[in-house]
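Engineer: The following block contains the structure, expressed as structure tokens.
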Amino acid sequence: MKPRVRFAPSPTGYLHIGGARTALFNWLYARHTGGTLVLRIEDTDAARNSQEAVDVILKGLRWLGLDWDEGPLTADATGPCKGDRGPYFQSQRKSHYTARVEDLLARGLAYEHEGAIKFKMTREPITIPDLVVGDVVRPLTDREQLDPDWVLVRSDGQPVFHFVNVVDDLEMGITHVIRGEDHLSNTAKHIALFRAFGVEPPRYAHIPLILNGDGSKMSKRDKGASLTTYLDEGFLPEAVDNYLCLLGWSPKDNLEKIPLSEVVERFDLPQILRHNAKFDFEKLLWLQGEYCRELAPERFHELAVHALTHEGVDIHALDANYVQAALATCRGKIKTFAELPAYAGFYFREDIAYDPEAATKAFIPENKPRLEKVRDAFDALAAFDAAGIEAALKATAVGLGVKVGALIHPTRLAVTGHPHGPSLYHLLEVLGKDRVRHRIEKALGSFPA
RNA sequence: GACCCUAUGGUCUAGCGGUUAGGACACCUCCCUUUCACGGAGGUAGCCCGGGUUCGAUUCCCGGUAGGGUCGCCA
């Protein structure tokens with residue numbers, strides 16, 4: 001029988017990076033085994049549940065490229081779904097829960113207490129066979145010994161998470177539950193419930209958690225905890241996927257950068273690590289740079305345009321060829337698209353501000369005549385292209401008896417405002433003779449007297 | 001408080017009784033170079049502690065310590 005796994009997020013309004021990894025591991029296992037991935041929305045808490053919140057989840061998963069075989073197609077709980085084991089929104093499964101409670105009640109395995117319905121929990125320790133951790137024996141804690149029974153349905157009629165989760169896994173035919181280790185202790189409750197229903201529980205695989213850099217639990221407010229951050233800050237989904245794979249799992253063979261398709265081949269549950277991992281933003285950034293650098297020109301351009309537009313840089317009034325040429329000089333230089341407005345902004349506006357620190361170094365009296373020579377040399381150029389510009393700059397440097405760097409730095413600052421940026425020769429060509437001339441003149445005017 | 005899980009450089013990890021403990025990120029040095037980035041060559045840094053088992057433990061067992069998790073009419 002092919003495995004059936006599920007990702008069952010609660011629509012809280014954001015998708016936790018750890019949740020994204022749980023989804024990824026479920027997806028990998030399903031794809032590796034040829035099994036089925038079910039997406040189930042645990043929207044039992046009507047108070048904080050909304051279509052927008054579901055959309056965040058769907059968008060996040062789609063962005064990461066994690067497609068599901070069964071589950072919602074839209075964020076609408078009553079909308080279209082694929083798969084024949086639905087509904088896939090818990091808010092639509094009331095009747096299932098009611099029937100299950102009545103069954104337990106009828107067989108004396110549950111009872112009413114102060115308006116709530118409680119489950120008669122076994123007093124014996126329960127062994128949890130876990131594919132990642134091994135056999136875990138979970139006796140009752142001291143508090144549980146006082147009252148081992150637990151609530152299935154609240155006095156307001158709402159079933160609780162542990163109950164609906166088990167009912168859904170059972171009725172959806174889930175064979176492997178791959179989830180965060182924070183659920184490991186609670187699994188005893190789940191196993192007891194499955195047995196009460198007369199079925200064998202699914203196999204479990206509890207994966208380690210992702211912690212903050214300081215070792216604390218990564219929660220909603222922590223930097224980098226929300227997947228949306230990466231989407232908004234110009235990360236590439238392949239970089240995020242790749243990085244997430246490396247947390248708690250290893251492709252071995254000293255591999256770091258590895259396409260998801262190859263991870264699908266190599267991935268399996270028993271090799272998952274048992275200890276938590278701290279989130280290392282720097283390493284994610286490195287991977288991001290790796291993927292960003294080798295982006296196909298068309299995709300780079302597309303994402304760059306999106307990032308600029310998103311940041312309010314209006315490029316639609318500009319000549320498309322100009323924009324294209326400008327962005328092309330940035331390819332291979334930036335790591336995330338969020339850097340682009342600062343990195344390439346000088347292409348798209350006339351008012352450029354000079355980096356103060358760089359200006360005190362480059363805009364010094366002795367550089368003024370040099371920059372004038374550069375201007376004159378550029379004026380004399382018939383073809384204002386990178387090769388010609390380079391030759392002109394070098395010839396000017398020779399004429400002045402200085403290193404070419406002495407001309408390059410003031411020129412770069414004059415036309416871009418920054419000490420760093422794309423290849424100077426190429427960016428000058430893209431800006432064009434007139435803009436360059438204008439900016440150099442303006443810069444000459446801002447030299448100290 | 002009880003119970004559970006975990007423990008290789010700062011971080012992610014390879015290792016599954018005998019290794020000069022390997023790789024990657026980060027960091028440092030040098031080279032390349034029009035800046036930055038990239039690339040190349042080096043470098044600093046690690047098996048939590050204590051007992052066992054064994055001819056021999058990073059590796060197996062026990063204890064401690066530390067970190068994390070769970071014990072809700074939250075999910």
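Residues in the structure tokens are numbered from 1 in each chain, the chains being A, B, ... in the order shown, and ligands are numbered from 1 in the order shown.
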Excluding same-chain residues fewer than 3 positions from U33 in chain B, what lies within 12 Å of it counting only C-alpha atoms (C1' of nucleotides), as a VMD selection string?
Structural biologist: (chain A and resid 405 423) or (chain B and resid 36 to 39)
Engineer: For chain A, which residues have at least one atom within 6 Å of chain B, if we go by only C-alpha atoms (C1' of nucleotides)? Write them as a ChimeraX atom specification, please.
Structural biologist: /A:141-142,154,182,185,254,275,283,333,420-421
Engineer: Interatomic distance between CA of Trp63 in chain A and CA of Thr36 in chain A?
Structural biologist: 19.5 Å
Engineer: Using only C-alpha atoms for the distances, tell me which of A:Leu61, A:Ile41, A:Leu28, A:Ile191 is nearest to Gln92 in chain A.
Structural biologist: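 Result for the nearest residue to Gln92 in chain A: A:Ile41.
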Engineer: Report as a list in words all protein, DNA and RNA residues lying within 12 Å of U29 in chain B, evaluated on only C-alpha atoms (C1' of nucleotides), omitting residues in the same chain fewer than 5 positions from it.
Structural biologist: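 Returned residues: A41, G42, G43 and U44 of chain B.
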Engineer: If we count only C-alpha atoms (C1' of nucleotides) and set the cut-off at 7 Å, which residues sit around range 161-164 of chain A, ignoring sequence neighbours fewer than 3 positions away in its own chain? Please answer as a PyMOL selection string.
Structural biologist: (chain A and resi 97+152+167-168+190) or (chain B and resi 75)
Engineer: Set the distance at 9 Å and use only C-alpha atoms (C1' of nucleotides): which residues neighbour U8 in chain B once local chain neighbours fewer than 4 positions away are removed? I'd like the list as a list in words.
Structural biologist: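 Once the adjacent positions are removed, what remains is U13, A21, G46, C47 and U58 of chain B.
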Engineer: With N, CA, C and O atoms (P, O5', C5', C4', C3', O3' and C1' of nucleotides) retained, export the selected residues as a PDB file, in the first residue's frame.
Structural biologist:
```pdb
ATOM      1  P     U B  13      21.310  19.968  11.576  1.00  0.00           P
ATOM      2  O5'   U B  13      22.203  19.230  10.479  1.00  0.00           O
ATOM      3  C5'   U B  13      22.985  18.111  10.792  1.00  0.00           C
ATOM      4  C4'   U B  13      23.971  17.900   9.671  1.00  0.00           C
ATOM      5  C3'   U B  13      24.786  16.633   9.760  1.00  0.00           C
ATOM      6  O3'   U B  13      24.061  15.541   9.210  1.00  0.00           O
ATOM      7  C1'   U B  13      26.213  18.454   9.288  1.00  0.00           C
ATOM      8  P     A B  21      42.196  12.397  13.752  1.00  0.00           P
ATOM      9  O5'   A B  21      41.255  13.429  12.954  1.00  0.00           O
ATOM     10  C5'   A B  21      40.843  13.150  11.625  1.00  0.00           C
ATOM     11  C4'   A B  21      39.337  13.152  11.552  1.00  0.00           C
ATOM     12  C3'   A B  21      38.701  14.511  11.271  1.00  0.00           C
ATOM     13  O3'   A B  21      38.750  14.815   9.894  1.00  0.00           O
ATOM     14  C1'   A B  21      37.542  13.464  13.023  1.00  0.00           C
ATOM     15  P     G B  46      39.038  23.358  19.182  1.00  0.00           P
ATOM     16  O5'   G B  46      37.695  22.599  18.820  1.00  0.00           O
ATOM     17  C5'   G B  46      36.471  22.981  19.471  1.00  0.00           C
ATOM     18  C4'   G B  46      35.418  21.956  19.196  1.00  0.00           C
ATOM     19  C3'   G B  46      35.758  20.531  19.623  1.00  0.00           C
ATOM     20  O3'   G B  46      35.497  20.342  21.002  1.00  0.00           O
ATOM     21  C1'   G B  46      34.827  20.523  17.444  1.00  0.00           C
ATOM     22  P     C B  47      36.300  19.219  21.787  1.00  0.00           P
ATOM     23  O5'   C B  47      35.804  17.847  21.143  1.00  0.00           O
ATOM     24  C5'   C B  47      34.946  16.990  21.894  1.00  0.00           C
ATOM     25  C4'   C B  47      33.685  16.776  21.091  1.00  0.00           C
ATOM     26  C3'   C B  47      32.718  15.790  21.715  1.00  0.00           C
ATOM     27  O3'   C B  47      31.412  16.320  21.585  1.00  0.00           O
ATOM     28  C1'   C B  47      33.438  15.012  19.581  1.00  0.00           C
ATOM     29  P     U B  58      37.025   8.870  22.509  1.00  0.00           P
ATOM     30  O5'   U B  58      35.679   9.386  21.806  1.00  0.00           O
ATOM     31  C5'   U B  58      34.940  10.451  22.352  1.00  0.00           C
ATOM     32  C4'   U B  58      33.735  10.720  21.493  1.00  0.00           C
ATOM     33  C3'   U B  58      32.872   9.495  21.224  1.00  0.00           C
ATOM     34  O3'   U B  58      31.900   9.353  22.222  1.00  0.00           O
ATOM     35  C1'   U B  58      33.342  10.629  19.182  1.00  0.00           C
TER      36        U B  58
END
```
